[in-house]
Amino acid sequence: MTTTVTYEPHELPTTLTGFTPQQPKPATPTLWLVDIERHREAAARLAPDLLDAHEHERVTRFFHDQDRDLYRTSHVALRLLLAAHLALPPAEIPFTRLPCPGCGDPHGRPAVTGAAVHHSLSHTGGLAVIALATTPVGVDVERLPSIDTVTTTARSLHPRETTELAATPPAEAPAAFARAWTRKEAYLKGLGIGLGRDPSLDYVGTGPAPTALPGWTITDVHVPTGYTAAVAVAHP
C-alpha cells in the first residue's frame, strides 16, 4: 500500500506562544514547522524558565551558536506545544525515555510520563519539525545531501533502494536518496530503536510515493526548498 499524500505542517506563530493546539486524530499526526531564525530570540528569553537541567546542560555542550539556537529553539517549541495539548505548565512536562525495543534499556522513544499524546522532534540546519499523535510517531527532516554523500551512503539502504538510486539521473539522486532516508529514519524513530536497526532491512522506496510498512503509515512532509522530511505513524 502506498500513499501520495504530503502533509502540510502548521507553522509556529511568531509569538511562539500564541497558538491554538490542533488535536491529532487517531493515526493522523499533527505537524508543526519551526523556523529557527524567526524564533531563536524569543526562545532564548523563554529557555531559562522552561528547559530543565538536562536540556540546559545539552545547550552548553554546543560549540557553535547556530547549533545552540537549533537545539534550544526546537526544545522550547516542543515544550510549548505539549503544554498546550496537555494543559500543563511547559516547565513541568515530565519527559522520559521508553525502553529500547532492541535491548530493553531506557534509551528508546522519548515520551511524556502518563500522557496519551505521543511526540517526535527532528531538527537540522535552520529548521525543526515536531509531530504529535495519538499513537507512536516518528518524524525526520534532513538537508538535501551532496551527490558525494549519496554515492558513499547509498549502499546502506535497502538493496532495492540502492538499485533504484543507481538508475536515477545524478541531478535527481540527492532528492531520491533524501526521500528514502527521511522515511526510514521517521519509521525507526517511531519504533524507538533508531539506527540501532540496520537501515538496509526495511524498504520504503526512493520514488514520489512512500511504501508503507506493516502497522505503519509513512508520509512525506512539505518543507522548504533544500530540505526533505517524512513522518511515520503507527496504526491504532
# chains A, B, ... in the order shown; residues from 1 in each chain; ligands from 1
$ closest_atom_pairs --of "range 76-158 of chain A" --to "range 228-232 of chain A" --cutoff "8 Å" --atoms "only C-alpha atoms" --output "CSV"
residue,atom,partner,partner_atom,distance
A:Ala131,CA,A:Val231,CA,7.7
A:Val137,CA,A:Ala232,CA,5.6
A:Gly138,CA,A:Ala232,CA,5.2
A:Val139,CA,A:Val231,CA,4.4
A:Asp140,CA,A:Ala229,CA,5.5
A:Val141,CA,A:Ala229,CA,4.1
A:Glu142,CA,A:Thr228,CA,5.4
A:Arg143,CA,A:Thr228,CA,6.3
A:Leu144,CA,A:Thr228,CA,6.6
$ write_last_selection --atoms "N, CA and C atoms" --output "PDB file, in the first residue's frame"
ATOM      1  N   ALA A 131       6.163  16.452  15.605  1.00  0.00           N
ATOM      2  CA  ALA A 131       4.959  15.670  15.328  1.00  0.00           C
ATOM      3  C   ALA A 131       4.304  15.253  16.633  1.00  0.00           C
ATOM      4  N   VAL A 137       4.777   7.773  16.989  1.00  0.00           N
ATOM      5  CA  VAL A 137       5.049   8.571  15.795  1.00  0.00           C
ATOM      6  C   VAL A 137       6.534   8.887  15.730  1.00  0.00           C
ATOM      7  N   GLY A 138       7.038   9.010  14.520  1.00  0.00           N
ATOM      8  CA  GLY A 138       8.418   9.429  14.305  1.00  0.00           C
ATOM      9  C   GLY A 138       8.470  10.418  13.164  1.00  0.00           C
ATOM     10  N   VAL A 139       9.325  11.418  13.279  1.00  0.00           N
ATOM     11  CA  VAL A 139       9.476  12.405  12.210  1.00  0.00           C
ATOM     12  C   VAL A 139      10.961  12.634  11.972  1.00  0.00           C
ATOM     13  N   ASP A 140      11.317  12.906  10.726  1.00  0.00           N
ATOM     14  CA  ASP A 140      12.711  13.208  10.409  1.00  0.00           C
ATOM     15  C   ASP A 140      12.759  14.286   9.336  1.00  0.00           C
ATOM     16  N   VAL A 141      13.691  15.225   9.492  1.00  0.00           N
ATOM     17  CA  VAL A 141      13.939  16.252   8.484  1.00  0.00           C
ATOM     18  C   VAL A 141      15.443  16.306   8.242  1.00  0.00           C
ATOM     19  N   GLU A 142      15.814  16.414   6.988  1.00  0.00           N
ATOM     20  CA  GLU A 142      17.225  16.444   6.600  1.00  0.00           C
ATOM     21  C   GLU A 142      17.429  17.486   5.509  1.00  0.00           C
ATOM     22  N   ARG A 143      18.644  18.055   5.470  1.00  0.00           N
ATOM     23  CA  ARG A 143      19.022  18.850   4.317  1.00  0.00           C
ATOM     24  C   ARG A 143      19.299  17.922   3.139  1.00  0.00           C
ATOM     25  N   LEU A 144      19.084  18.418   1.931  1.00  0.00           N
ATOM     26  CA  LEU A 144      19.417  17.610   0.766  1.00  0.00           C
ATOM     27  C   LEU A 144      20.918  17.328   0.758  1.00  0.00           C
TER      28      LEU A 144
END
$ residues_around --residues "range 101-110 of chain A" --least-positions-apart "6" --cutoff "7 Å" --atoms "only C-alpha atoms" --output "list in words"
Lys189, Gly192 and Ile193 of chain A
$ closest_residue --among "A:Ile130, A:Ala116, A:Val223, A:Cys100" --to "Pro29 in chain A" --atoms "only C-alpha atoms"
A:Ile130
$ residues_around --residues "range 156-171 of chain A" --least-positions-apart "4" --cutoff "8 Å" --atoms "only C-alpha atoms" --output "MDAnalysis selection string"
chainID A and resid 147 176:177 180:181 199:206
$ write_last_selection --atoms "N, CA and C atoms" --output "CSV table (one decimal), in the first residue's frame"
chain,number,residue,atom,x,y,z
A,147,ILE,N,25.9,14.9,-3.9
A,147,ILE,CA,25.9,13.7,-4.7
A,147,ILE,C,27.0,12.8,-4.2
A,176,ALA,N,16.1,11.9,-4.3
A,176,ALA,CA,15.6,10.5,-4.2
A,176,ALA,C,16.2,9.8,-2.9
A,177,PHE,N,17.5,10.0,-2.7
A,177,PHE,CA,18.1,9.4,-1.5
A,177,PHE,C,17.5,10.0,-0.2
A,180,ALA,N,14.1,8.5,0.7
A,180,ALA,CA,14.3,7.2,1.3
A,180,ALA,C,14.8,7.3,2.8
A,181,TRP,N,15.8,8.2,2.9
A,181,TRP,CA,16.4,8.2,4.3
A,181,TRP,C,15.5,8.8,5.3
A,199,PRO,N,19.4,0.0,8.6
A,199,PRO,CA,18.5,0.7,7.7
A,199,PRO,C,18.4,0.0,6.4
A,200,SER,N,19.2,-1.1,6.1
A,200,SER,CA,19.0,-1.8,4.9
A,200,SER,C,17.9,-2.9,5.0
A,201,LEU,N,17.3,-3.0,6.2
A,201,LEU,CA,16.3,-4.1,6.4
A,201,LEU,C,14.9,-3.7,5.9
A,202,ASP,N,14.6,-2.5,5.8
A,202,ASP,CA,13.2,-2.0,5.5
A,202,ASP,C,13.2,-1.2,4.2
A,203,TYR,N,12.2,-1.6,3.4
A,203,TYR,CA,12.1,-0.9,2.1
A,203,TYR,C,11.0,0.1,2.2
A,204,VAL,N,11.3,1.4,1.9
A,204,VAL,CA,10.4,2.5,1.9
A,204,VAL,C,10.3,3.2,0.6
A,205,GLY,N,11.3,2.9,-0.3
A,205,GLY,CA,11.3,3.5,-1.6
A,205,GLY,C,11.9,4.8,-1.7
A,206,THR,N,12.4,5.1,-3.0
A,206,THR,CA,13.0,6.4,-3.3
A,206,THR,C,12.2,7.3,-4.1
$ closest_atom_pairs --of "range 76-153 of chain A" --to "range 35-50 of chain A" --cutoff "6 Å" --atoms "only C-alpha atoms" --output "tab-separated table"
residue	atom	partner	partner_atom	distance
A:Ala91	CA	A:Leu50	CA	4.3
A:Gly126	CA	A:Ile36	CA	5.1
A:Leu127	CA	A:Asp35	CA	5.2
$ select_by_dssp --residues "range 128-187 of chain A" --states "strand (DSSP E)" --output "PyMOL selection string"
chain A and resi 128-133+137-143
$ closest_residue --among "A:Ala83, A:Ala115, A:Ser74, A:Thr60" --to "Thr96 in chain A" --atoms "only C-alpha atoms"
A:Ala115
$ residues_around --residues "Gln23 in chain A" --least-positions-apart "6" --cutoff "10 Å" --atoms "only C-alpha atoms" --output "list in words"
Pro29, Thr30, Ala84, His85, Val117, Leu132, Ala133 and Thr134 of chain A
$ atom_distance --atom1 "CA of Ile93 in chain A" --atom2 "CA of His222 in chain A"
28.5 Å
$ closest_residue --among "A:Ala178, A:Leu81, A:Asp69, A:Leu51" --to "Pro13 in chain A" --atoms "only C-alpha atoms"
A:Leu81
$ select_by_dssp --residues "chain A" --states "alpha helix (DSSP H)" --output "ChimeraX atom specification"
/A:36-50,53-61,65-86,147-153,159-166,173-191
$ write_last_selection --atoms "C-alpha atoms" --output "tab-separated table (two decimals), in the first residue's frame"
chain	number	residue	atom	x	y	z
A	36	ILE	CA	14.81	28.64	13.97
A	37	GLU	CA	15.94	32.10	12.84
A	38	ARG	CA	12.46	33.52	13.31
A	39	HIS	CA	12.05	32.16	16.84
A	40	ARG	CA	15.56	31.96	18.30
A	41	GLU	CA	15.43	35.28	20.20
A	42	ALA	CA	12.07	34.52	21.78
A	43	ALA	CA	13.23	31.00	22.63
A	44	ALA	CA	16.41	32.34	24.24
A	45	ARG	CA	14.27	34.56	26.52
A	46	LEU	CA	11.94	31.71	27.48
A	47	ALA	CA	14.54	28.95	27.83
A	48	PRO	CA	15.83	29.82	31.35
A	49	ASP	CA	12.34	29.28	32.80
A	50	LEU	CA	11.20	26.41	30.54
A	53	ALA	CA	18.70	20.92	33.89
A	54	HIS	CA	19.44	18.22	31.33
A	55	GLU	CA	18.37	20.45	28.44
A	56	HIS	CA	20.39	23.40	29.77
A	57	GLU	CA	23.43	21.15	30.04
A	58	ARG	CA	22.93	19.99	26.45
A	59	VAL	CA	22.80	23.61	25.26
A	60	THR	CA	26.18	24.34	26.84
A	61	ARG	CA	27.81	21.43	25.01
A	65	ASP	CA	25.91	29.43	18.18
A	66	GLN	CA	23.73	28.04	15.38
A	67	ASP	CA	23.76	24.59	16.97
A	68	ARG	CA	22.80	26.04	20.36
A	69	ASP	CA	19.99	28.05	18.75
A	70	LEU	CA	18.74	24.97	16.91
A	71	TYR	CA	18.57	22.78	20.00
A	72	ARG	CA	17.22	25.46	22.36
A	73	THR	CA	14.56	26.81	20.00
A	74	SER	CA	13.23	23.40	18.97
A	75	HIS	CA	13.02	22.16	22.55
A	76	VAL	CA	11.29	25.32	23.78
A	77	ALA	CA	8.79	24.90	20.94
A	78	LEU	CA	8.24	21.25	21.85
A	79	ARG	CA	7.52	22.11	25.47
A	80	LEU	CA	5.06	24.84	24.49
A	81	LEU	CA	3.19	22.58	22.08
A	82	LEU	CA	2.95	19.74	24.56
A	83	ALA	CA	1.90	22.13	27.32
A	84	ALA	CA	-0.97	23.39	25.16
A	85	HIS	CA	-2.14	19.84	24.44
A	86	LEU	CA	-1.77	18.56	27.99
A	147	ILE	CA	25.94	13.72	-4.70
A	148	ASP	CA	29.15	12.52	-2.99
A	149	THR	CA	27.18	11.72	0.17
A	150	VAL	CA	24.62	9.82	-1.90
A	151	THR	CA	27.35	7.82	-3.62
A	152	THR	CA	29.07	6.81	-0.39
A	153	THR	CA	25.90	6.18	1.65
A	159	PRO	CA	19.06	-3.34	-1.80
A	160	ARG	CA	16.01	-2.33	-3.85
A	161	GLU	CA	16.51	1.31	-2.89
A	162	THR	CA	20.20	1.10	-3.81
A	163	THR	CA	19.20	-0.30	-7.20
A	164	GLU	CA	16.66	2.49	-7.69
A	165	LEU	CA	19.28	5.14	-6.89
A	166	ALA	CA	21.73	3.60	-9.36
A	173	ALA	CA	19.69	11.39	-6.91
A	174	PRO	CA	20.05	13.69	-3.83
A	175	ALA	CA	16.28	14.19	-3.58
A	176	ALA	CA	15.60	10.48	-4.15
A	177	PHE	CA	18.13	9.45	-1.50
A	178	ALA	CA	16.77	12.01	0.98
A	179	ARG	CA	13.21	10.74	0.50
A	180	ALA	CA	14.27	7.19	1.33
A	181	TRP	CA	16.45	8.24	4.26
A	182	THR	CA	13.91	10.51	5.98
A	183	ARG	CA	11.13	7.94	5.55
A	184	LYS	CA	13.37	5.27	7.03
A	185	GLU	CA	14.56	7.43	9.94
A	186	ALA	CA	11.00	8.51	10.74
A	187	TYR	CA	9.92	4.87	10.90
A	188	LEU	CA	12.89	3.81	13.05
A	189	LYS	CA	12.33	6.75	15.41
A	190	GLY	CA	8.68	5.79	15.68
A	191	LEU	CA	9.73	2.26	16.63
$ closest_residue --among "A:Ala234, A:Tyr7, A:Thr225, A:Val34" --to "His123 in chain A" --atoms "only C-alpha atoms"
A:Val34
$ closest_residue --among "A:Leu33, A:Pro90, A:Arg97, A:Arg197" --to "Leu121 in chain A" --atoms "only C-alpha atoms"
A:Leu33
$ closest_residue --among "A:His118, A:Thr17, A:Glu8, A:Arg155" --to "Val233 in chain A" --atoms "only C-alpha atoms"
A:His118
$ atom_distance --atom1 "CA of Ser122 in chain A" --atom2 "CA of Val221 in chain A"
12.3 Å
$ decode --residues "range 200-216 of chain A" --atoms "N, CA, C and O atoms" --output "PDB file, in the first residue's frame"
ATOM      1  N   SER A 200      19.167  -1.072   6.149  1.00  0.00           N
ATOM      2  CA  SER A 200      19.011  -1.841   4.916  1.00  0.00           C
ATOM      3  C   SER A 200      17.892  -2.871   5.009  1.00  0.00           C
ATOM      4  O   SER A 200      17.538  -3.509   4.011  1.00  0.00           O
ATOM      5  N   LEU A 201      17.294  -3.050   6.188  1.00  0.00           N
ATOM      6  CA  LEU A 201      16.296  -4.109   6.374  1.00  0.00           C
ATOM      7  C   LEU A 201      14.908  -3.737   5.857  1.00  0.00           C
ATOM      8  O   LEU A 201      14.120  -4.618   5.501  1.00  0.00           O
ATOM      9  N   ASP A 202      14.584  -2.451   5.843  1.00  0.00           N
ATOM     10  CA  ASP A 202      13.218  -2.029   5.549  1.00  0.00           C
ATOM     11  C   ASP A 202      13.163  -1.231   4.241  1.00  0.00           C
ATOM     12  O   ASP A 202      13.918  -0.272   4.058  1.00  0.00           O
ATOM     13  N   TYR A 203      12.238  -1.618   3.360  1.00  0.00           N
ATOM     14  CA  TYR A 203      12.090  -0.927   2.077  1.00  0.00           C
ATOM     15  C   TYR A 203      10.977   0.113   2.181  1.00  0.00           C
ATOM     16  O   TYR A 203       9.828  -0.212   2.468  1.00  0.00           O
ATOM     17  N   VAL A 204      11.346   1.383   1.946  1.00  0.00           N
ATOM     18  CA  VAL A 204      10.361   2.463   1.949  1.00  0.00           C
ATOM     19  C   VAL A 204      10.304   3.181   0.600  1.00  0.00           C
ATOM     20  O   VAL A 204       9.406   3.980   0.368  1.00  0.00           O
ATOM     21  N   GLY A 205      11.280   2.926  -0.275  1.00  0.00           N
ATOM     22  CA  GLY A 205      11.262   3.475  -1.620  1.00  0.00           C
ATOM     23  C   GLY A 205      11.926   4.823  -1.747  1.00  0.00           C
ATOM     24  O   GLY A 205      12.005   5.595  -0.786  1.00  0.00           O
ATOM     25  N   THR A 206      12.403   5.109  -2.961  1.00  0.00           N
ATOM     26  CA  THR A 206      13.046   6.389  -3.255  1.00  0.00           C
ATOM     27  C   THR A 206      12.189   7.277  -4.139  1.00  0.00           C
ATOM     28  O   THR A 206      12.533   8.425  -4.379  1.00  0.00           O
ATOM     29  N   GLY A 207      11.076   6.754  -4.635  1.00  0.00           N
ATOM     30  CA  GLY A 207      10.239   7.498  -5.567  1.00  0.00           C
ATOM     31  C   GLY A 207       9.286   8.460  -4.893  1.00  0.00           C
ATOM     32  O   GLY A 207       9.346   8.682  -3.674  1.00  0.00           O
ATOM     33  N   PRO A 208       8.366   9.051  -5.654  1.00  0.00           N
ATOM     34  CA  PRO A 208       7.458  10.071  -5.115  1.00  0.00           C
ATOM     35  C   PRO A 208       6.510   9.550  -4.037  1.00  0.00           C
ATOM     36  O   PRO A 208       6.070  10.319  -3.185  1.00  0.00           O
ATOM     37  N   ALA A 209       6.170   8.262  -4.073  1.00  0.00           N
ATOM     38  CA  ALA A 209       5.219   7.714  -3.103  1.00  0.00           C
ATOM     39  C   ALA A 209       5.915   6.762  -2.149  1.00  0.00           C
ATOM     40  O   ALA A 209       6.547   5.799  -2.586  1.00  0.00           O
ATOM     41  N   PRO A 210       5.834   6.999  -0.832  1.00  0.00           N
ATOM     42  CA  PRO A 210       6.442   6.075   0.130  1.00  0.00           C
ATOM     43  C   PRO A 210       5.754   4.712   0.101  1.00  0.00           C
ATOM     44  O   PRO A 210       4.572   4.611  -0.231  1.00  0.00           O
ATOM     45  N   THR A 211       6.490   3.695   0.470  1.00  0.00           N
ATOM     46  CA  THR A 211       5.928   2.358   0.627  1.00  0.00           C
ATOM     47  C   THR A 211       5.636   2.122   2.101  1.00  0.00           C
ATOM     48  O   THR A 211       6.508   2.313   2.948  1.00  0.00           O
ATOM     49  N   ALA A 212       4.407   1.728   2.404  1.00  0.00           N
ATOM     50  CA  ALA A 212       4.012   1.506   3.798  1.00  0.00           C
ATOM     51  C   ALA A 212       4.700   0.266   4.354  1.00  0.00           C
ATOM     52  O   ALA A 212       5.052  -0.658   3.614  1.00  0.00           O
ATOM     53  N   LEU A 213       4.896   0.247   5.644  1.00  0.00           N
ATOM     54  CA  LEU A 213       5.437  -0.910   6.348  1.00  0.00           C
ATOM     55  C   LEU A 213       4.351  -1.461   7.265  1.00  0.00           C
ATOM     56  O   LEU A 213       3.461  -0.716   7.696  1.00  0.00           O
ATOM     57  N   PRO A 214       4.385  -2.752   7.590  1.00  0.00           N
ATOM     58  CA  PRO A 214       3.307  -3.363   8.385  1.00  0.00           C
ATOM     59  C   PRO A 214       3.041  -2.603   9.682  1.00  0.00           C
ATOM     60  O   PRO A 214       3.941  -2.385  10.494  1.00  0.00           O
ATOM     61  N   GLY A 215       1.797  -2.171   9.856  1.00  0.00           N
ATOM     62  CA  GLY A 215       1.406  -1.481  11.082  1.00  0.00           C
ATOM     63  C   GLY A 215       1.692   0.002  11.092  1.00  0.00           C
ATOM     64  O   GLY A 215       1.376   0.682  12.077  1.00  0.00           O
ATOM     65  N   TRP A 216       2.253   0.533  10.013  1.00  0.00           N
ATOM     66  CA  TRP A 216       2.665   1.934   9.984  1.00  0.00           C
ATOM     67  C   TRP A 216       2.253   2.596   8.673  1.00  0.00           C
ATOM     68  O   TRP A 216       2.239   1.946   7.624  1.00  0.00           O
TER      69      TRP A 216
END
